[in-house]
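Dropping work_34.txt in here (compact mmCIF, N, CA and C atoms):
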# COMPACT_ATOMS: atom_id res chain seq x y z
N SER A 1 29.95 -7.95 20.87
CA SER A 1 28.59 -8.28 21.27
C SER A 1 27.68 -8.27 20.06
N LEU A 2 26.55 -8.91 20.20
CA LEU A 2 25.60 -9.00 19.11
C LEU A 2 24.78 -7.72 18.98
N PRO A 3 24.47 -7.32 17.74
CA PRO A 3 23.59 -6.16 17.57
C PRO A 3 22.16 -6.55 17.91
N GLN A 4 21.32 -5.54 18.15
CA GLN A 4 19.90 -5.83 18.35
C GLN A 4 19.32 -6.23 17.01
N ILE A 5 18.64 -7.36 16.97
CA ILE A 5 18.13 -7.92 15.71
C ILE A 5 16.63 -8.09 15.81
N LYS A 6 15.92 -7.69 14.77
CA LYS A 6 14.48 -7.87 14.70
C LYS A 6 14.17 -8.68 13.45
N GLY A 7 13.30 -9.65 13.61
CA GLY A 7 12.90 -10.46 12.47
C GLY A 7 11.62 -11.19 12.79
N SER A 8 10.93 -11.63 11.76
CA SER A 8 9.72 -12.43 11.99
C SER A 8 10.01 -13.85 11.53
N GLY A 9 9.32 -14.79 12.16
CA GLY A 9 9.57 -16.17 11.81
C GLY A 9 8.70 -17.11 12.61
N LYS A 10 9.19 -18.32 12.76
CA LYS A 10 8.46 -19.37 13.46
C LYS A 10 9.27 -19.87 14.64
N ILE A 11 8.54 -20.35 15.64
CA ILE A 11 9.17 -20.91 16.83
C ILE A 11 8.88 -22.41 16.86
N TYR A 12 9.91 -23.18 17.12
CA TYR A 12 9.79 -24.62 17.28
C TYR A 12 10.24 -24.96 18.70
N LEU A 13 9.48 -25.82 19.36
CA LEU A 13 9.78 -26.20 20.73
C LEU A 13 9.97 -27.71 20.80
N THR A 14 11.10 -28.11 21.39
CA THR A 14 11.33 -29.52 21.68
C THR A 14 11.44 -29.66 23.19
N THR A 15 11.69 -30.84 23.66
CA THR A 15 11.85 -31.03 25.10
C THR A 15 13.21 -30.52 25.58
N LYS A 16 14.09 -30.16 24.68
CA LYS A 16 15.43 -29.69 25.05
C LYS A 16 15.71 -28.24 24.69
N ARG A 17 15.01 -27.71 23.67
CA ARG A 17 15.34 -26.36 23.23
C ARG A 17 14.18 -25.66 22.56
N LEU A 18 14.33 -24.36 22.46
CA LEU A 18 13.39 -23.49 21.75
C LEU A 18 14.18 -22.94 20.57
N ILE A 19 13.62 -23.04 19.37
CA ILE A 19 14.33 -22.63 18.17
C ILE A 19 13.49 -21.58 17.43
N PHE A 20 14.11 -20.45 17.14
CA PHE A 20 13.47 -19.41 16.34
C PHE A 20 14.12 -19.43 14.96
N VAL A 21 13.30 -19.53 13.91
CA VAL A 21 13.79 -19.54 12.53
C VAL A 21 13.14 -18.38 11.79
N CYS A 22 13.97 -17.51 11.22
CA CYS A 22 13.47 -16.33 10.49
C CYS A 22 12.78 -16.75 9.19
N ASN A 23 11.73 -16.02 8.83
CA ASN A 23 11.10 -16.22 7.53
C ASN A 23 12.08 -15.86 6.42
N LYS A 24 12.78 -14.75 6.60
CA LYS A 24 13.83 -14.30 5.68
C LYS A 24 15.05 -13.93 6.51
N PRO A 25 16.27 -14.29 6.05
CA PRO A 25 17.46 -13.90 6.81
C PRO A 25 17.52 -12.38 7.01
N VAL A 26 18.04 -11.99 8.18
CA VAL A 26 18.15 -10.58 8.53
C VAL A 26 19.63 -10.21 8.58
N GLN A 27 19.99 -9.13 7.90
CA GLN A 27 21.37 -8.64 7.90
C GLN A 27 21.43 -7.41 8.80
N GLU A 28 22.26 -7.44 9.84
CA GLU A 28 22.34 -6.33 10.79
C GLU A 28 23.79 -6.14 11.21
N GLU A 29 24.37 -4.98 10.89
CA GLU A 29 25.74 -4.63 11.27
C GLU A 29 26.73 -5.74 10.91
N GLY A 30 26.62 -6.27 9.70
CA GLY A 30 27.53 -7.32 9.24
C GLY A 30 27.23 -8.70 9.80
N PHE A 31 26.17 -8.82 10.55
CA PHE A 31 25.79 -10.09 11.16
C PHE A 31 24.57 -10.63 10.41
N ARG A 32 24.64 -11.85 9.90
CA ARG A 32 23.51 -12.47 9.20
C ARG A 32 22.78 -13.39 10.16
N PHE A 33 21.51 -13.07 10.41
CA PHE A 33 20.70 -13.82 11.36
C PHE A 33 19.68 -14.66 10.61
N VAL A 34 19.75 -15.98 10.80
CA VAL A 34 18.84 -16.91 10.14
C VAL A 34 18.00 -17.65 11.17
N ALA A 35 18.63 -18.09 12.26
CA ALA A 35 17.94 -18.85 13.30
C ALA A 35 18.75 -18.76 14.59
N PHE A 36 18.06 -19.07 15.69
CA PHE A 36 18.75 -19.09 16.99
C PHE A 36 18.09 -20.16 17.85
N ALA A 37 18.91 -21.01 18.45
CA ALA A 37 18.41 -22.06 19.33
C ALA A 37 18.64 -21.63 20.77
N PHE A 38 17.61 -21.76 21.58
CA PHE A 38 17.67 -21.42 23.00
C PHE A 38 17.63 -22.74 23.78
N PRO A 39 18.76 -23.30 24.21
CA PRO A 39 18.68 -24.51 25.03
C PRO A 39 17.91 -24.20 26.31
N LEU A 40 16.92 -25.00 26.63
CA LEU A 40 16.07 -24.73 27.79
C LEU A 40 16.86 -24.70 29.10
N ASP A 41 17.92 -25.49 29.18
CA ASP A 41 18.69 -25.49 30.43
C ASP A 41 19.60 -24.27 30.55
N SER A 42 19.69 -23.43 29.52
CA SER A 42 20.49 -22.21 29.62
C SER A 42 19.62 -20.96 29.72
N LEU A 43 18.30 -21.14 29.79
CA LEU A 43 17.40 -19.99 29.93
C LEU A 43 17.30 -19.56 31.39
N ARG A 44 17.19 -18.26 31.58
CA ARG A 44 16.93 -17.74 32.93
C ARG A 44 16.18 -16.43 32.80
N ASN A 45 15.61 -16.00 33.89
CA ASN A 45 14.84 -14.75 33.94
C ASN A 45 13.71 -14.70 32.91
N GLU A 46 13.19 -15.87 32.53
CA GLU A 46 12.10 -15.88 31.55
C GLU A 46 10.83 -15.33 32.21
N ASP A 47 10.10 -14.57 31.42
CA ASP A 47 8.87 -13.97 31.92
C ASP A 47 7.94 -13.74 30.74
N PHE A 48 6.69 -14.08 30.92
CA PHE A 48 5.71 -13.86 29.86
C PHE A 48 4.96 -12.58 30.16
N LYS A 49 4.94 -11.66 29.20
CA LYS A 49 4.32 -10.35 29.38
C LYS A 49 3.01 -10.30 28.58
N GLN A 50 1.98 -9.76 29.22
CA GLN A 50 0.68 -9.57 28.58
C GLN A 50 0.26 -8.12 28.74
N PRO A 51 0.82 -7.23 27.91
CA PRO A 51 0.48 -5.82 28.06
C PRO A 51 -0.96 -5.53 27.65
N ILE A 52 -1.53 -4.48 28.21
CA ILE A 52 -2.89 -4.08 27.83
C ILE A 52 -2.90 -3.68 26.37
N PHE A 53 -1.90 -2.93 25.96
CA PHE A 53 -1.76 -2.54 24.56
C PHE A 53 -0.50 -3.18 24.02
N GLY A 54 -0.60 -3.84 22.89
CA GLY A 54 0.57 -4.49 22.30
C GLY A 54 0.44 -6.00 22.34
N CYS A 55 1.44 -6.65 21.78
CA CYS A 55 1.44 -8.11 21.66
C CYS A 55 1.97 -8.78 22.92
N ASN A 56 1.43 -9.95 23.19
CA ASN A 56 1.99 -10.79 24.24
C ASN A 56 3.41 -11.15 23.83
N HIS A 57 4.32 -11.23 24.80
CA HIS A 57 5.68 -11.59 24.45
C HIS A 57 6.40 -12.27 25.61
N LEU A 58 7.37 -13.06 25.23
CA LEU A 58 8.21 -13.79 26.17
C LEU A 58 9.57 -13.11 26.19
N VAL A 59 10.07 -12.81 27.37
CA VAL A 59 11.40 -12.21 27.51
C VAL A 59 12.25 -13.13 28.37
N GLY A 60 13.54 -12.99 28.24
CA GLY A 60 14.44 -13.79 29.06
C GLY A 60 15.87 -13.60 28.63
N THR A 61 16.73 -14.41 29.22
CA THR A 61 18.15 -14.36 28.94
C THR A 61 18.64 -15.77 28.65
N VAL A 62 19.51 -15.89 27.65
CA VAL A 62 20.15 -17.15 27.32
C VAL A 62 21.62 -17.02 27.71
N ASP A 63 22.10 -17.93 28.53
CA ASP A 63 23.50 -17.91 28.93
C ASP A 63 24.39 -18.32 27.76
N PRO A 64 25.67 -17.92 27.79
CA PRO A 64 26.60 -18.30 26.72
C PRO A 64 26.64 -19.82 26.56
N MET A 65 26.87 -20.25 25.31
CA MET A 65 26.88 -21.68 25.02
C MET A 65 28.23 -22.07 24.45
N GLN A 66 28.79 -23.18 24.93
CA GLN A 66 30.06 -23.67 24.42
C GLN A 66 29.90 -24.07 22.96
N GLY A 67 30.96 -23.87 22.19
CA GLY A 67 30.94 -24.25 20.79
C GLY A 67 30.28 -23.23 19.88
N THR A 68 29.94 -22.06 20.42
CA THR A 68 29.35 -21.00 19.60
C THR A 68 30.18 -19.74 19.76
N GLU A 69 29.89 -18.76 18.92
CA GLU A 69 30.60 -17.49 19.02
C GLU A 69 29.98 -16.58 20.09
N ILE A 70 28.92 -17.02 20.71
CA ILE A 70 28.24 -16.21 21.72
C ILE A 70 28.97 -16.39 23.05
N GLN A 71 29.63 -15.32 23.48
CA GLN A 71 30.44 -15.37 24.69
C GLN A 71 29.81 -14.68 25.88
N HIS A 72 28.69 -13.97 25.64
CA HIS A 72 28.02 -13.22 26.70
C HIS A 72 26.54 -13.59 26.72
N PRO A 73 25.87 -13.39 27.85
CA PRO A 73 24.42 -13.65 27.89
C PRO A 73 23.68 -12.82 26.84
N VAL A 74 22.64 -13.41 26.27
CA VAL A 74 21.83 -12.76 25.24
C VAL A 74 20.41 -12.56 25.79
N ASP A 75 19.95 -11.32 25.82
CA ASP A 75 18.57 -11.03 26.20
C ASP A 75 17.70 -11.16 24.96
N PHE A 76 16.50 -11.71 25.13
CA PHE A 76 15.62 -11.87 23.98
C PHE A 76 14.20 -11.45 24.32
N LYS A 77 13.46 -11.14 23.27
CA LYS A 77 12.02 -10.88 23.34
C LYS A 77 11.40 -11.58 22.14
N LEU A 78 10.41 -12.41 22.39
CA LEU A 78 9.67 -13.09 21.33
C LEU A 78 8.22 -12.64 21.40
N TYR A 79 7.76 -12.01 20.33
CA TYR A 79 6.38 -11.51 20.27
C TYR A 79 5.51 -12.52 19.53
N PHE A 80 4.25 -12.64 19.98
CA PHE A 80 3.34 -13.63 19.42
C PHE A 80 2.15 -12.94 18.74
N LYS A 81 1.80 -13.46 17.55
CA LYS A 81 0.58 -13.00 16.89
C LYS A 81 -0.60 -13.85 17.33
N ASN A 82 -0.38 -15.15 17.46
CA ASN A 82 -1.43 -16.08 17.90
C ASN A 82 -0.79 -17.36 18.42
N GLY A 83 -1.60 -18.26 18.94
CA GLY A 83 -1.11 -19.53 19.45
C GLY A 83 -0.39 -19.43 20.78
N THR A 84 -0.56 -18.32 21.46
CA THR A 84 0.17 -18.07 22.70
C THR A 84 -0.16 -19.07 23.79
N ASN A 85 -1.43 -19.34 24.03
CA ASN A 85 -1.81 -20.27 25.11
C ASN A 85 -1.28 -21.66 24.86
N ARG A 86 -1.39 -22.12 23.63
CA ARG A 86 -0.91 -23.45 23.27
C ARG A 86 0.61 -23.52 23.47
N PHE A 87 1.32 -22.49 22.99
CA PHE A 87 2.77 -22.46 23.14
C PHE A 87 3.16 -22.45 24.62
N LEU A 88 2.54 -21.58 25.40
CA LEU A 88 2.90 -21.45 26.82
C LEU A 88 2.69 -22.75 27.58
N THR A 89 1.61 -23.47 27.27
CA THR A 89 1.34 -24.73 27.95
C THR A 89 2.51 -25.70 27.76
N PHE A 90 2.93 -25.85 26.51
CA PHE A 90 4.04 -26.78 26.23
C PHE A 90 5.37 -26.22 26.72
N PHE A 91 5.60 -24.92 26.54
CA PHE A 91 6.86 -24.30 26.94
C PHE A 91 7.07 -24.42 28.44
N MET A 92 6.06 -24.07 29.23
CA MET A 92 6.21 -24.13 30.68
C MET A 92 6.42 -25.57 31.14
N ARG A 93 5.73 -26.51 30.51
CA ARG A 93 5.91 -27.92 30.88
C ARG A 93 7.32 -28.40 30.53
N ALA A 94 7.81 -28.04 29.32
CA ALA A 94 9.16 -28.45 28.91
C ALA A 94 10.21 -27.79 29.79
N LEU A 95 10.00 -26.53 30.14
CA LEU A 95 10.94 -25.83 31.02
C LEU A 95 10.96 -26.46 32.41
N ARG A 96 9.78 -26.77 32.93
CA ARG A 96 9.70 -27.43 34.24
C ARG A 96 10.39 -28.80 34.19
N ASP A 97 10.14 -29.55 33.12
CA ASP A 97 10.75 -30.87 32.99
C ASP A 97 12.27 -30.78 32.93
N THR A 98 12.78 -29.75 32.26
CA THR A 98 14.23 -29.55 32.15
C THR A 98 14.83 -29.26 33.52
N ARG A 99 14.10 -28.55 34.34
CA ARG A 99 14.61 -28.15 35.66
C ARG A 99 14.27 -29.14 36.77
N THR A 100 13.57 -30.21 36.43
CA THR A 100 13.18 -31.21 37.42
C THR A 100 14.35 -32.15 37.69
N PRO A 101 14.64 -32.46 38.94
CA PRO A 101 15.72 -33.41 39.24
C PRO A 101 15.46 -34.76 38.57
N PRO A 102 16.51 -35.46 38.12
CA PRO A 102 16.35 -36.73 37.40
C PRO A 102 15.52 -37.76 38.14
N ALA A 103 15.50 -37.75 39.46
CA ALA A 103 14.75 -38.75 40.22
C ALA A 103 13.25 -38.58 40.06
N VAL A 104 12.80 -37.44 39.51
CA VAL A 104 11.37 -37.17 39.42
C VAL A 104 10.88 -37.19 37.97
N VAL A 105 11.72 -37.61 37.03
CA VAL A 105 11.37 -37.47 35.61
C VAL A 105 10.33 -38.46 35.10
N ALA A 106 9.85 -39.38 35.91
CA ALA A 106 8.91 -40.39 35.43
C ALA A 106 7.66 -39.79 34.81
N GLN A 107 7.21 -38.63 35.25
CA GLN A 107 5.98 -38.05 34.72
C GLN A 107 6.22 -36.79 33.90
N THR A 108 7.44 -36.57 33.42
CA THR A 108 7.69 -35.41 32.58
C THR A 108 7.08 -35.65 31.20
N LEU A 109 6.86 -34.58 30.46
CA LEU A 109 6.28 -34.69 29.13
C LEU A 109 7.13 -35.56 28.23
N SER A 110 8.46 -35.41 28.28
CA SER A 110 9.32 -36.23 27.43
C SER A 110 9.26 -37.70 27.83
N ALA A 111 9.15 -38.00 29.13
CA ALA A 111 9.04 -39.39 29.57
C ALA A 111 7.71 -40.00 29.12
N ILE A 112 6.65 -39.21 29.21
CA ILE A 112 5.34 -39.68 28.77
C ILE A 112 5.37 -39.97 27.27
N ALA A 113 5.99 -39.07 26.50
CA ALA A 113 6.09 -39.27 25.05
C ALA A 113 6.95 -40.49 24.73
N ALA A 114 8.06 -40.67 25.46
CA ALA A 114 8.95 -41.80 25.21
C ALA A 114 8.26 -43.13 25.47
N ARG A 115 7.34 -43.16 26.43
CA ARG A 115 6.58 -44.38 26.72
C ARG A 115 5.49 -44.62 25.68
N GLY A 116 5.26 -43.64 24.83
CA GLY A 116 4.20 -43.77 23.84
C GLY A 116 2.83 -43.41 24.39
N ASP A 117 2.79 -42.72 25.53
CA ASP A 117 1.53 -42.38 26.17
C ASP A 117 1.12 -40.92 25.97
N LEU A 118 1.72 -40.23 24.99
CA LEU A 118 1.40 -38.82 24.80
C LEU A 118 -0.08 -38.64 24.48
N GLY A 119 -0.69 -39.63 23.85
CA GLY A 119 -2.11 -39.55 23.56
C GLY A 119 -2.98 -39.49 24.81
N LEU A 120 -2.43 -39.88 25.96
CA LEU A 120 -3.19 -39.81 27.21
C LEU A 120 -3.25 -38.39 27.76
N VAL A 121 -2.29 -37.54 27.36
CA VAL A 121 -2.26 -36.18 27.90
C VAL A 121 -2.40 -35.10 26.84
N ALA A 122 -2.35 -35.47 25.56
CA ALA A 122 -2.49 -34.47 24.49
C ALA A 122 -3.26 -35.07 23.33
N ALA A 123 -4.04 -34.24 22.68
CA ALA A 123 -4.79 -34.68 21.51
C ALA A 123 -4.81 -33.55 20.49
N ALA A 124 -4.75 -33.90 19.21
CA ALA A 124 -4.80 -32.90 18.15
C ALA A 124 -6.20 -32.83 17.57
N ASP A 125 -6.61 -31.64 17.19
CA ASP A 125 -7.89 -31.43 16.52
C ASP A 125 -7.76 -31.95 15.10
N PRO A 126 -8.56 -32.95 14.67
CA PRO A 126 -8.42 -33.50 13.32
C PRO A 126 -8.70 -32.47 12.22
N ASN A 127 -9.46 -31.43 12.53
CA ASN A 127 -9.74 -30.39 11.54
C ASN A 127 -8.63 -29.35 11.46
N ASP A 128 -7.82 -29.26 12.49
CA ASP A 128 -6.72 -28.30 12.52
C ASP A 128 -5.60 -28.90 13.34
N PRO A 129 -4.66 -29.64 12.70
CA PRO A 129 -3.61 -30.32 13.46
C PRO A 129 -2.66 -29.39 14.19
N SER A 130 -2.73 -28.08 13.93
CA SER A 130 -1.87 -27.16 14.69
C SER A 130 -2.44 -26.88 16.08
N VAL A 131 -3.67 -27.32 16.33
CA VAL A 131 -4.29 -27.13 17.64
C VAL A 131 -4.10 -28.41 18.45
N VAL A 132 -3.50 -28.28 19.61
CA VAL A 132 -3.25 -29.42 20.48
C VAL A 132 -3.92 -29.15 21.81
N TYR A 133 -4.65 -30.13 22.31
CA TYR A 133 -5.32 -30.00 23.61
C TYR A 133 -4.57 -30.82 24.63
N ILE A 134 -4.38 -30.25 25.79
CA ILE A 134 -3.68 -30.93 26.88
C ILE A 134 -4.69 -31.29 27.95
N ALA A 135 -4.60 -32.53 28.43
CA ALA A 135 -5.46 -32.97 29.53
C ALA A 135 -4.58 -33.34 30.70
N GLN A 136 -5.09 -33.16 31.87
CA GLN A 136 -4.36 -33.57 33.07
C GLN A 136 -4.30 -35.09 33.08
N PRO A 137 -3.10 -35.68 33.12
CA PRO A 137 -3.00 -37.13 33.11
C PRO A 137 -3.59 -37.73 34.39
N ASP A 138 -4.15 -38.92 34.25
CA ASP A 138 -4.70 -39.65 35.38
C ASP A 138 -3.64 -40.62 35.89
N PHE A 139 -3.05 -40.33 37.02
CA PHE A 139 -1.99 -41.16 37.57
C PHE A 139 -2.54 -42.14 38.61
N SER A 140 -3.84 -42.25 38.74
CA SER A 140 -4.42 -43.11 39.78
C SER A 140 -4.14 -44.59 39.54
N ASN A 141 -3.93 -44.98 38.27
CA ASN A 141 -3.71 -46.40 37.99
C ASN A 141 -2.22 -46.78 37.96
N ILE A 142 -1.34 -45.83 38.32
CA ILE A 142 0.10 -46.12 38.36
C ILE A 142 0.45 -46.60 39.76
N PRO A 143 1.10 -47.77 39.87
CA PRO A 143 1.45 -48.28 41.19
C PRO A 143 2.39 -47.31 41.91
N GLN A 144 2.13 -47.12 43.18
CA GLN A 144 2.95 -46.24 44.00
C GLN A 144 3.95 -47.06 44.79
N ALA A 145 5.12 -46.49 45.02
CA ALA A 145 6.14 -47.17 45.82
C ALA A 145 5.68 -47.21 47.28
N THR A 146 5.92 -48.30 47.92
CA THR A 146 5.56 -48.46 49.33
C THR A 146 6.75 -48.06 50.19
N PRO A 147 6.55 -47.13 51.13
CA PRO A 147 7.67 -46.75 51.99
C PRO A 147 8.11 -47.92 52.87
N LEU A 148 9.41 -47.96 53.13
CA LEU A 148 9.96 -49.04 53.98
C LEU A 148 9.80 -48.73 55.44

Using structure tokens, write down the structure from this file.
Amino acid sequence: SLPQIKGSGKIYLTTKRLIFVCNKPVQEEGFRFVAFAFPLDSLRNEDFKQPIFGCNHLVGTVDPMQGTEIQHPVDFKLYFKNGTNRFLTFFMRALRDTRTPPAVVAQTLSAIAARGDLGLVAAADPNDPSVVYIAQPDFSNIPQATPL
């Protein structure tokens, strides 16, 4: 089993996975930790904690992944210094999109981005491109299917 590992770094989120990359590699019990990818479809028991004292953090479990040395579920905790609201907005949307049945994917974040319409639901602050604003998309102009 893996030892408990602590490290600081950056989190990257895509529509398929969450990736943690250490600022500096961590050596723990003969195990060298540089990065870890959390496929969104293998996450479970995720929960966002907001303690009165201490940092906001995301906890959960990643199921074993084929093609890796990880043979057992891995519990994780990710602590945040800042950017929590922005991260959670995108994370929850990506997680929901991953768990949405394929018949409903027309309005997922990845489908919106693939159509080139991400500008309709997200905008970056020109003074600080790390800040992204999300707006509720207006679906009123999308034709609806007529029931038979």

List as a PyMOL selection string the protein and nucleic acid residues near A:Pro64, meaning an atom at most 6 Å away when all atoms listed in the file are counted, but skip any in the same chain fewer than 6 places from it.
chain A and resi 70-74

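You can rank A:Val34, A:Gly67, A:Lys77, A:Pro39 by their closest distance to A:Thr15 using only N, CA and C atoms, and at the top of that list sits A:Pro39.
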
Could you name the residues that touch A:Asp41 at 7 Å or less, counting all atoms listed in the file, but leaving out those on the same chain fewer than 4 positions away, as number ranges by chain?
A: 16-17, 98-99

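You will find atom CA of A:Gly30 at 17.3 Å from atom CA of A:Thr68.
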
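Atom to atom, atom N of A:Val59 and atom CA of A:Thr14 stand 17.7 Å apart.
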
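Note that the spacing between atom CA of A:Phe76 and atom CA of A:Thr61 amounts to 6.1 Å.
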
Kindly compute an axis-aligned box around the listed atoms of stretch 73-81 of chain A, allowing 3 Å on each side, and express its centre and edge lengths in Å to one decimal as JSON.
{"center_x": 12.6, "center_y": -12.4, "center_z": 22.4, "size_x": 32.5, "size_y": 9.0, "size_z": 17.0}

For the point (11.9, -21.9, 13.5) in file coordinates, what residues are within 5 Å, counting all atoms listed in the file? Give the answer as number ranges by chain?
A: 10-12, 19-21

Pick out the residues sitting within 10 Å of A:Phe80, and hand them over as a ChimeraX atom specification; count only C-alpha atoms, and ignore anything fewer than 6 positions along from it in its own chain.
/A:8,10-11,54-58,87

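Distances to A:Arg93 were evaluated for A:Ala111, A:Asn23, A:Asp75, A:Lys49 using only C-alpha atoms, and the minimum falls at A:Ala111.
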
Just add all heavy atoms to stretch 59-67 of chain A and send it as a PDB file, keeping the file's coordinate frame.
ATOM      1  N   VAL A  59      10.070 -12.810  27.370  1.00  0.00           N
ATOM      2  CA  VAL A  59      11.400 -12.210  27.510  1.00  0.00           C
ATOM      3  C   VAL A  59      12.250 -13.130  28.370  1.00  0.00           C
ATOM      4  O   VAL A  59      11.732 -13.954  29.132  1.00  0.00           O
ATOM      5  CB  VAL A  59      11.342 -10.799  28.142  1.00  0.00           C
ATOM      6  CG1 VAL A  59      10.544  -9.853  27.277  1.00  0.00           C
ATOM      7  CG2 VAL A  59      10.772 -10.836  29.545  1.00  0.00           C
ATOM      8  N   GLY A  60      13.540 -12.990  28.240  1.00  0.00           N
ATOM      9  CA  GLY A  60      14.440 -13.790  29.060  1.00  0.00           C
ATOM     10  C   GLY A  60      15.870 -13.600  28.630  1.00  0.00           C
ATOM     11  O   GLY A  60      16.189 -12.749  27.798  1.00  0.00           O
ATOM     12  N   THR A  61      16.730 -14.410  29.220  1.00  0.00           N
ATOM     13  CA  THR A  61      18.150 -14.360  28.940  1.00  0.00           C
ATOM     14  C   THR A  61      18.640 -15.770  28.650  1.00  0.00           C
ATOM     15  O   THR A  61      18.235 -16.720  29.315  1.00  0.00           O
ATOM     16  CB  THR A  61      18.927 -13.797  30.149  1.00  0.00           C
ATOM     17  OG1 THR A  61      18.406 -12.492  30.440  1.00  0.00           O
ATOM     18  CG2 THR A  61      20.407 -13.699  29.891  1.00  0.00           C
ATOM     19  N   VAL A  62      19.510 -15.890  27.650  1.00  0.00           N
ATOM     20  CA  VAL A  62      20.150 -17.150  27.320  1.00  0.00           C
ATOM     21  C   VAL A  62      21.620 -17.020  27.710  1.00  0.00           C
ATOM     22  O   VAL A  62      22.290 -16.081  27.285  1.00  0.00           O
ATOM     23  CB  VAL A  62      20.036 -17.479  25.810  1.00  0.00           C
ATOM     24  CG1 VAL A  62      20.746 -18.777  25.484  1.00  0.00           C
ATOM     25  CG2 VAL A  62      18.586 -17.540  25.387  1.00  0.00           C
ATOM     26  N   ASP A  63      22.100 -17.930  28.530  1.00  0.00           N
ATOM     27  CA  ASP A  63      23.500 -17.910  28.930  1.00  0.00           C
ATOM     28  C   ASP A  63      24.390 -18.320  27.760  1.00  0.00           C
ATOM     29  O   ASP A  63      23.932 -19.009  26.841  1.00  0.00           O
ATOM     30  CB  ASP A  63      23.731 -18.849  30.110  1.00  0.00           C
ATOM     31  CG  ASP A  63      23.144 -18.295  31.405  1.00  0.00           C
ATOM     32  OD1 ASP A  63      23.145 -17.058  31.568  1.00  0.00           O
ATOM     33  OD2 ASP A  63      22.690 -19.096  32.237  1.00  0.00           O
ATOM     34  N   PRO A  64      25.670 -17.920  27.790  1.00  0.00           N
ATOM     35  CA  PRO A  64      26.600 -18.300  26.720  1.00  0.00           C
ATOM     36  C   PRO A  64      26.640 -19.820  26.560  1.00  0.00           C
ATOM     37  O   PRO A  64      26.471 -20.561  27.512  1.00  0.00           O
ATOM     38  CB  PRO A  64      27.947 -17.770  27.202  1.00  0.00           C
ATOM     39  CG  PRO A  64      27.632 -16.741  28.218  1.00  0.00           C
ATOM     40  CD  PRO A  64      26.321 -17.131  28.836  1.00  0.00           C
ATOM     41  N   MET A  65      26.870 -20.250  25.310  1.00  0.00           N
ATOM     42  CA  MET A  65      26.880 -21.680  25.020  1.00  0.00           C
ATOM     43  C   MET A  65      28.230 -22.070  24.450  1.00  0.00           C
ATOM     44  O   MET A  65      28.772 -21.376  23.590  1.00  0.00           O
ATOM     45  CB  MET A  65      25.779 -22.008  24.011  1.00  0.00           C
ATOM     46  CG  MET A  65      24.388 -21.734  24.542  1.00  0.00           C
ATOM     47  SD  MET A  65      23.150 -21.723  23.242  1.00  0.00           S
ATOM     48  CE  MET A  65      23.328 -20.049  22.641  1.00  0.00           C
ATOM     49  N   GLN A  66      28.790 -23.180  24.930  1.00  0.00           N
ATOM     50  CA  GLN A  66      30.060 -23.670  24.420  1.00  0.00           C
ATOM     51  C   GLN A  66      29.900 -24.070  22.960  1.00  0.00           C
ATOM     52  O   GLN A  66      28.844 -24.543  22.553  1.00  0.00           O
ATOM     53  CB  GLN A  66      30.541 -24.874  25.215  1.00  0.00           C
ATOM     54  CG  GLN A  66      31.045 -24.524  26.597  1.00  0.00           C
ATOM     55  CD  GLN A  66      31.637 -25.735  27.289  1.00  0.00           C
ATOM     56  OE1 GLN A  66      31.245 -26.859  27.030  1.00  0.00           O
ATOM     57  NE2 GLN A  66      32.592 -25.494  28.166  1.00  0.00           N
ATOM     58  N   GLY A  67      30.960 -23.870  22.190  1.00  0.00           N
ATOM     59  CA  GLY A  67      30.940 -24.250  20.790  1.00  0.00           C
ATOM     60  C   GLY A  67      30.280 -23.230  19.880  1.00  0.00           C
ATOM     61  O   GLY A  67      30.045 -23.512  18.712  1.00  0.00           O
TER      62      GLY A  67
END
